[in-house]
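Visitor: Structure incoming, see below.
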Amino acid sequence: MKPQRKKRLIAVLATVMGVSIAAVLLMYAVGENANYFYSPSDIYAGKAQPGKTIKVGGLVVPGTVKRGENLLDVEFVIKDKSHQLTVLFSDVLPDLFKEGQGIVATGKLIDNERFVATSVLAKHDENYMPPEVKRALEQSGHPVKTDTATEY
Amino acid sequence: MIVEIAHYALYLSLLVAVVNVVVPLWGSFKQNPILISFARPATYTQFYLVLLSFVGLVYAFATDDFSVEYVASHSYSKLPMIYKLTAVWGSHEGSLLLWVLILSGWSAAVALLSRTLPDIAVARVLSVMALISVGFISFTVFTSNPFERLLPYFPIDGRDLNPLLQDFGFIIHPPFLYMGYVGFAVAFSFAIAALIGGELDSAWARWSRPWTVAAWMFLTIGIALGSWWAYYELGWGGWWFWDPVENASFMPWLTGTALIHTLAASEKRGVFKTWTVFLALLTFSLSLLGTFIVRSGVITSVHSFAQDPVRGMFILSFLMIIVIGSLVLFMFRGGAVKSTGKFQLLSKETFLLLNNLLLSFAFLVVLFGTLFPIIMEAFDKSVSVGAPYFNKVFPLFTLPLLFLVGIGHWLHWKKHPVDRLLKNTRNILVLCVLLVGLMSVVFYSFANTYIVLGVMIGMWIVSSIIHDIFNKTQHASSRFDALKKLKPSYWGMHLAHLGLAVTLLGILFVTYGSKEELIKLSPGETYEFADLAVTFDSLQQVRGSNYGATRGIFKVKEGSSLLTIKSEKRRYTASGTVMTEAGINPGFTRDIYISLGEPVSDTAWSVRLYRKAYVRWIWLGALIMALGGIVAMSDKRYRLKIKKKIINTGATG
């Protein structure tokens, strides 16, 4: 093999190796840092691990929004058709947070009934239902209205 | 009536675009000058028709024509006029029309400004651009028509524009972003035309360069505007969320930045040509991917307004046609491209290659994070990838890149002598250490290692620029004369790199030097925060034309000056939407940002206080980068000497 060719071959091989290693590492990093979504039923069934950052979603049960002593601590219950989950949060709720509305919260489970949220997301379009919540509701047999504001 | 004319004009523009795809391209193969000469007039006609159509829609908004469904859904009789006009691109249908208008505008600009290029090449470029127009106009007309009427029963009033979008930042953010996105269609079309014609010489790179820089400049501003808008409008002072839609605009920016650099190498040294073509194809494909992500609603995001599977399928099919079509063409014709230049390990070429490698990796990081949820969706798993992933992995590639920025630009093409490299590096390092020392005394106390590292890299870039300008002027009799002799493209490059350093510093300072607190405060109370004393002065009820608001007035004592900051909680009448309007006192070194939360007792409110250090620098840096783009484009080089090349390529083409 000519030295010129050999040099080029080494360069190509090195590039391919580098790219593959980087791709594998990237895949790993993405997988490690991805937050999986669970419905209250999933959590009841013990599918989610406490202590890991996950997302939960459901409809806010009317009448369950309670303020703690600190006044910034807030607590509410979300549900799908069959199960409920208590969400603890100590921050300002989003502008569009409303009882009866679908929300998605990110945070960690304490046990199978309580979830500490670091962020609560309600969409800026009030007719809008987060797709995860919609699907979770559908899977648990809850009727879902898609085009109008949902009232429960 | 005017709406019907506008509607008709859009259909007509589709027809013109179809003809414009076929005729000039066919003419270019047949070498028929009459068919070739068809391209320019057809392009202008398409532009005027789309413009007419767009003006028609604007008119419908201005006159509150609620019989048009799109107007009824996104406007309101009491909406201020300026927002009525900009509501045109407030949602899916209208923003697509804006997209089409801008695409037609870029095509017309190419037709107008490329007089010095061979007609046959221009005809091909315009044909390819018309093909993209066909895709987007039919997308608009067949799946997202903004001119649909609600007859005979139409509402008396509209449902109002989404309050988040009733804002100055929003008025200008989409047009700039689209100018950038669509602008890369020009580089794409030049690349495709060159592949078709098989004439990828350095003239091709020279023609593409100013267009690519222009698109890049618009995209830079567009992204910065989006970041600025999110910062003050979403009410909690974040300036970048790694949201899929932000990523969608950031990916073409990364590859577009790589493209600008490799175009320089291709034009000047005739190297990396195949890679350059590939990047041009990739960058526009990513613009389309971005459109797909935004328009199909496959990813949960604050931006996803359209949840229509038909639209998603249409865009996905179109994306596939463009990507597969251009890749096939690239495979068959790209191989014929031979890079002519040779270079040694220590040269500007190598560093440009490293720049491209690192930018490509940074792009892959963003791509993986953005697409991972979609891929997992196929396995019926709902997943989101958030900021922790991006914040961890992205700097792994970008910090080394920023470090190399301080070396690459002053290296010689082809071969750089080792002893000179060492000497220059030493000088820059000395300058860098001096600057960092100066900064630590004057500006900022360095709180942690990231800031120290970041400031060093930032100052490393700045030092290399100062050193290079000093070097380039030292042999002249007078430094001032020498400065004047330096070319605009040279200044443009330095400005862009300087902007990068400024943005880097802004990001670091705001991330590690900011303070925030969430407190409970009643009117009359004062809270000591950072070096500020914040007094909740009073609470007022105010009325805007289409909303009612609770306004908190805050008096902030900063040193000896007393500032008044107003933060509002608005409720929009037509939609019933509640929105926080943060109160911001902007400054060069800090922003004071107060966001009214919610009432937590009879008198007390939850209030968020932020002191954002140097946050403006993030956008200031982006503006400096964009300015660099403008300066570089003004270089005479792009307008001279082209005549000579025409003779060469005209004969072979």
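Residues in the structure tokens are numbered from 1 in each chain, the chains being A, B, ... in the order shown, and ligands are numbered from 1 in the order shown.
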Please check the contacts: residues of chain A at most 7 Å away from chain B, using only C-alpha atoms, listed as a PyMOL selection string.
Guide: chain A and resi 26+29-30+33-37+71-72+92+95-96+123+132
Visitor: Among region 118-283 of chain B, which ones does DSSP place in alpha helix (DSSP H), written as an MDAnalysis selection string?
Guide: chainID B and resid 119:143 168:197 202:233 244:269 273:283
Visitor: Take the residues from that selection and put them in a file with C-alpha atoms, as a CSV table (one decimal), in the first residue's frame.
Guide:
chain,number,residue,atom,x,y,z
B,119,ASP,CA,-28.3,32.0,-17.3
B,120,ILE,CA,-28.3,28.3,-17.4
B,121,ALA,CA,-27.1,28.0,-13.8
B,122,VAL,CA,-29.6,30.6,-12.6
B,123,ALA,CA,-32.4,28.8,-14.4
B,124,ARG,CA,-31.6,25.5,-12.6
B,125,VAL,CA,-31.3,27.2,-9.2
B,126,LEU,CA,-34.7,28.9,-9.7
B,127,SER,CA,-36.3,25.7,-10.9
B,128,VAL,CA,-35.2,23.9,-7.7
B,129,MET,CA,-36.5,26.8,-5.6
B,130,ALA,CA,-39.8,26.6,-7.5
B,131,LEU,CA,-40.0,22.9,-6.7
B,132,ILE,CA,-39.7,23.8,-3.0
B,133,SER,CA,-42.4,26.4,-3.6
B,134,VAL,CA,-44.7,23.9,-5.2
B,135,GLY,CA,-44.3,21.7,-2.1
B,136,PHE,CA,-45.1,24.5,0.3
B,137,ILE,CA,-47.8,26.2,-1.7
B,138,SER,CA,-49.7,23.0,-2.1
B,139,PHE,CA,-49.2,22.2,1.6
B,140,THR,CA,-50.8,25.6,2.3
B,141,VAL,CA,-53.6,25.3,-0.2
B,142,PHE,CA,-54.6,21.7,0.3
B,143,THR,CA,-54.1,21.1,4.1
B,168,PHE,CA,-43.4,43.0,20.0
B,169,GLY,CA,-41.0,40.2,20.2
B,170,PHE,CA,-43.4,37.9,18.5
B,171,ILE,CA,-44.1,40.4,15.7
B,172,ILE,CA,-40.6,40.2,14.5
B,173,HIS,CA,-39.4,36.7,15.7
B,174,PRO,CA,-41.1,34.5,13.1
B,175,PRO,CA,-40.3,36.6,10.0
B,176,PHE,CA,-36.6,36.6,10.9
B,177,LEU,CA,-36.6,32.9,11.7
B,178,TYR,CA,-38.3,32.1,8.5
B,179,MET,CA,-35.9,34.3,6.6
B,180,GLY,CA,-33.2,32.2,8.0
B,181,TYR,CA,-34.8,28.8,7.5
B,182,VAL,CA,-35.9,29.5,4.0
B,183,GLY,CA,-32.7,31.3,3.1
B,184,PHE,CA,-30.9,28.0,3.3
B,185,ALA,CA,-33.1,26.9,0.5
B,186,VAL,CA,-30.9,29.2,-1.7
B,187,ALA,CA,-27.7,27.3,-0.7
B,188,PHE,CA,-29.6,24.1,-1.2
B,189,SER,CA,-30.8,25.0,-4.6
B,190,PHE,CA,-27.3,26.2,-5.7
B,191,ALA,CA,-25.9,22.8,-4.5
B,192,ILE,CA,-28.6,20.8,-6.3
B,193,ALA,CA,-28.2,22.9,-9.5
B,194,ALA,CA,-24.5,22.4,-9.4
B,195,LEU,CA,-24.9,18.6,-8.9
B,196,ILE,CA,-27.3,18.5,-11.8
B,197,GLY,CA,-24.9,20.4,-14.0
B,202,SER,CA,-15.0,27.2,-6.7
B,203,ALA,CA,-17.2,29.6,-8.5
B,204,TRP,CA,-20.2,27.6,-7.1
B,205,ALA,CA,-18.9,28.1,-3.6
B,206,ARG,CA,-18.4,31.8,-4.2
B,207,TRP,CA,-22.0,32.3,-5.5
B,208,SER,CA,-23.4,30.4,-2.5
B,209,ARG,CA,-21.4,32.2,0.1
B,210,PRO,CA,-23.2,35.5,0.4
B,211,TRP,CA,-26.6,33.8,0.3
B,212,THR,CA,-25.6,31.4,3.0
B,213,VAL,CA,-24.2,34.1,5.2
B,214,ALA,CA,-27.4,36.1,4.7
B,215,ALA,CA,-29.6,33.2,5.7
B,216,TRP,CA,-27.3,32.4,8.7
B,217,MET,CA,-27.5,36.1,9.8
B,218,PHE,CA,-31.3,36.1,9.7
B,219,LEU,CA,-31.4,32.7,11.5
B,220,THR,CA,-29.0,34.0,14.2
B,221,ILE,CA,-31.2,37.1,14.8
B,222,GLY,CA,-34.4,34.9,14.7
B,223,ILE,CA,-33.1,32.5,17.3
B,224,ALA,CA,-31.9,35.4,19.5
B,225,LEU,CA,-35.3,37.1,19.2
B,226,GLY,CA,-37.0,33.9,20.2
B,227,SER,CA,-34.8,33.5,23.2
B,228,TRP,CA,-35.4,37.1,24.2
B,229,TRP,CA,-39.2,36.7,23.8
B,230,ALA,CA,-39.3,33.6,25.9
B,231,TYR,CA,-37.2,35.4,28.5
B,232,TYR,CA,-39.6,38.2,29.2
B,233,GLU,CA,-42.9,36.7,28.0
B,244,PRO,CA,-37.9,20.7,20.5
B,245,VAL,CA,-38.9,23.8,18.5
B,246,GLU,CA,-35.9,25.7,19.7
B,247,ASN,CA,-33.7,22.8,18.8
B,248,ALA,CA,-35.4,22.7,15.4
B,249,SER,CA,-34.1,26.2,14.7
B,250,PHE,CA,-30.8,25.5,16.4
B,251,MET,CA,-29.8,22.5,14.3
B,252,PRO,CA,-29.8,24.3,10.9
B,253,TRP,CA,-27.9,27.1,12.7
B,254,LEU,CA,-25.2,24.6,13.8
B,255,THR,CA,-24.8,23.0,10.4
B,256,GLY,CA,-25.3,26.4,8.7
B,257,THR,CA,-22.3,27.7,10.7
B,258,ALA,CA,-20.3,24.7,9.6
B,259,LEU,CA,-21.4,25.3,6.0
B,260,ILE,CA,-20.2,29.0,6.1
B,261,HIS,CA,-16.7,27.8,7.2
B,262,THR,CA,-16.4,25.0,4.8
B,263,LEU,CA,-17.6,27.1,1.9
B,264,ALA,CA,-14.7,29.4,2.7
B,265,ALA,CA,-12.3,26.5,2.4
B,266,SER,CA,-14.0,25.3,-0.8
B,267,GLU,CA,-13.9,28.6,-2.4
B,268,LYS,CA,-10.4,29.6,-1.5
B,269,ARG,CA,-8.5,26.3,-1.6
B,273,LYS,CA,-16.1,20.2,-1.8
B,274,THR,CA,-18.1,17.0,-1.4
B,275,TRP,CA,-18.6,17.7,2.3
B,276,THR,CA,-19.6,21.3,1.5
B,277,VAL,CA,-22.3,20.1,-0.9
B,278,PHE,CA,-23.5,17.6,1.7
B,279,LEU,CA,-23.7,20.3,4.4
B,280,ALA,CA,-25.8,22.6,2.1
B,281,LEU,CA,-28.2,19.7,1.5
B,282,LEU,CA,-28.3,18.8,5.1
B,283,THR,CA,-28.9,22.3,6.4
Visitor: DSSP on the backbone: which residues in region 11-46 of chain A end up as strand (DSSP E or B)? Give the answer as a PyMOL selection string.
Guide: chain A and resi 34-38
Visitor: What does the file look like for those residues with all heavy atoms, as a PDB file, in the first residue's frame?
Guide:
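Everything below was put into result-v6.pdb:
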ATOM      1  N   ALA A  34     -33.340  10.703  29.849  1.00  0.00           N
ATOM      2  CA  ALA A  34     -34.718  10.829  29.389  1.00  0.00           C
ATOM      3  C   ALA A  34     -35.669  10.629  30.562  1.00  0.00           C
ATOM      4  O   ALA A  34     -35.401   9.836  31.453  1.00  0.00           O
ATOM      5  CB  ALA A  34     -34.995   9.804  28.304  1.00  0.00           C
ATOM      6  N   ASN A  35     -36.747  11.395  30.550  1.00  0.00           N
ATOM      7  CA  ASN A  35     -37.747  11.242  31.596  1.00  0.00           C
ATOM      8  C   ASN A  35     -38.947  10.485  31.050  1.00  0.00           C
ATOM      9  O   ASN A  35     -39.587  10.943  30.121  1.00  0.00           O
ATOM     10  CB  ASN A  35     -38.210  12.608  32.102  1.00  0.00           C
ATOM     11  CG  ASN A  35     -37.051  13.442  32.581  1.00  0.00           C
ATOM     12  OD1 ASN A  35     -36.082  12.915  33.120  1.00  0.00           O
ATOM     13  ND2 ASN A  35     -37.124  14.733  32.363  1.00  0.00           N
ATOM     14  N   TYR A  36     -39.242   9.344  31.644  1.00  0.00           N
ATOM     15  CA  TYR A  36     -40.364   8.558  31.165  1.00  0.00           C
ATOM     16  C   TYR A  36     -41.660   9.054  31.785  1.00  0.00           C
ATOM     17  O   TYR A  36     -41.687   9.576  32.892  1.00  0.00           O
ATOM     18  CB  TYR A  36     -40.138   7.080  31.481  1.00  0.00           C
ATOM     19  CG  TYR A  36     -39.075   6.491  30.605  1.00  0.00           C
ATOM     20  CD1 TYR A  36     -37.721   6.696  30.872  1.00  0.00           C
ATOM     21  CD2 TYR A  36     -39.427   5.754  29.468  1.00  0.00           C
ATOM     22  CE1 TYR A  36     -36.746   6.178  30.053  1.00  0.00           C
ATOM     23  CE2 TYR A  36     -38.453   5.223  28.642  1.00  0.00           C
ATOM     24  CZ  TYR A  36     -37.110   5.441  28.941  1.00  0.00           C
ATOM     25  OH  TYR A  36     -36.160   4.935  28.113  1.00  0.00           O
ATOM     26  N   PHE A  37     -42.717   8.868  31.020  1.00  0.00           N
ATOM     27  CA  PHE A  37     -44.018   9.345  31.460  1.00  0.00           C
ATOM     28  C   PHE A  37     -44.840   8.203  32.049  1.00  0.00           C
ATOM     29  O   PHE A  37     -44.877   7.105  31.503  1.00  0.00           O
ATOM     30  CB  PHE A  37     -44.771   9.951  30.276  1.00  0.00           C
ATOM     31  CG  PHE A  37     -46.165  10.400  30.620  1.00  0.00           C
ATOM     32  CD1 PHE A  37     -46.384  11.673  31.119  1.00  0.00           C
ATOM     33  CD2 PHE A  37     -47.245   9.556  30.444  1.00  0.00           C
ATOM     34  CE1 PHE A  37     -47.658  12.090  31.449  1.00  0.00           C
ATOM     35  CE2 PHE A  37     -48.529   9.971  30.770  1.00  0.00           C
ATOM     36  CZ  PHE A  37     -48.740  11.231  31.274  1.00  0.00           C
ATOM     37  N   TYR A  38     -45.473   8.450  33.187  1.00  0.00           N
ATOM     38  CA  TYR A  38     -46.330   7.445  33.807  1.00  0.00           C
ATOM     39  C   TYR A  38     -47.678   8.058  34.150  1.00  0.00           C
ATOM     40  O   TYR A  38     -47.756   9.231  34.525  1.00  0.00           O
ATOM     41  CB  TYR A  38     -45.686   6.921  35.095  1.00  0.00           C
ATOM     42  CG  TYR A  38     -44.384   6.207  34.861  1.00  0.00           C
ATOM     43  CD1 TYR A  38     -43.176   6.886  34.966  1.00  0.00           C
ATOM     44  CD2 TYR A  38     -44.367   4.848  34.533  1.00  0.00           C
ATOM     45  CE1 TYR A  38     -41.973   6.235  34.740  1.00  0.00           C
ATOM     46  CE2 TYR A  38     -43.170   4.193  34.323  1.00  0.00           C
ATOM     47  CZ  TYR A  38     -41.976   4.883  34.427  1.00  0.00           C
ATOM     48  OH  TYR A  38     -40.794   4.239  34.207  1.00  0.00           O
TER      49      TYR A  38
END
Visitor: Between A:Gly102, A:Gly107, A:Ile21, A:Pro50, which is the closest to Pro62 (chain A) once you count only C-alpha atoms?
Guide: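 Looking at the shortest contact to Pro62 (chain A), the residue is A:Gly102.
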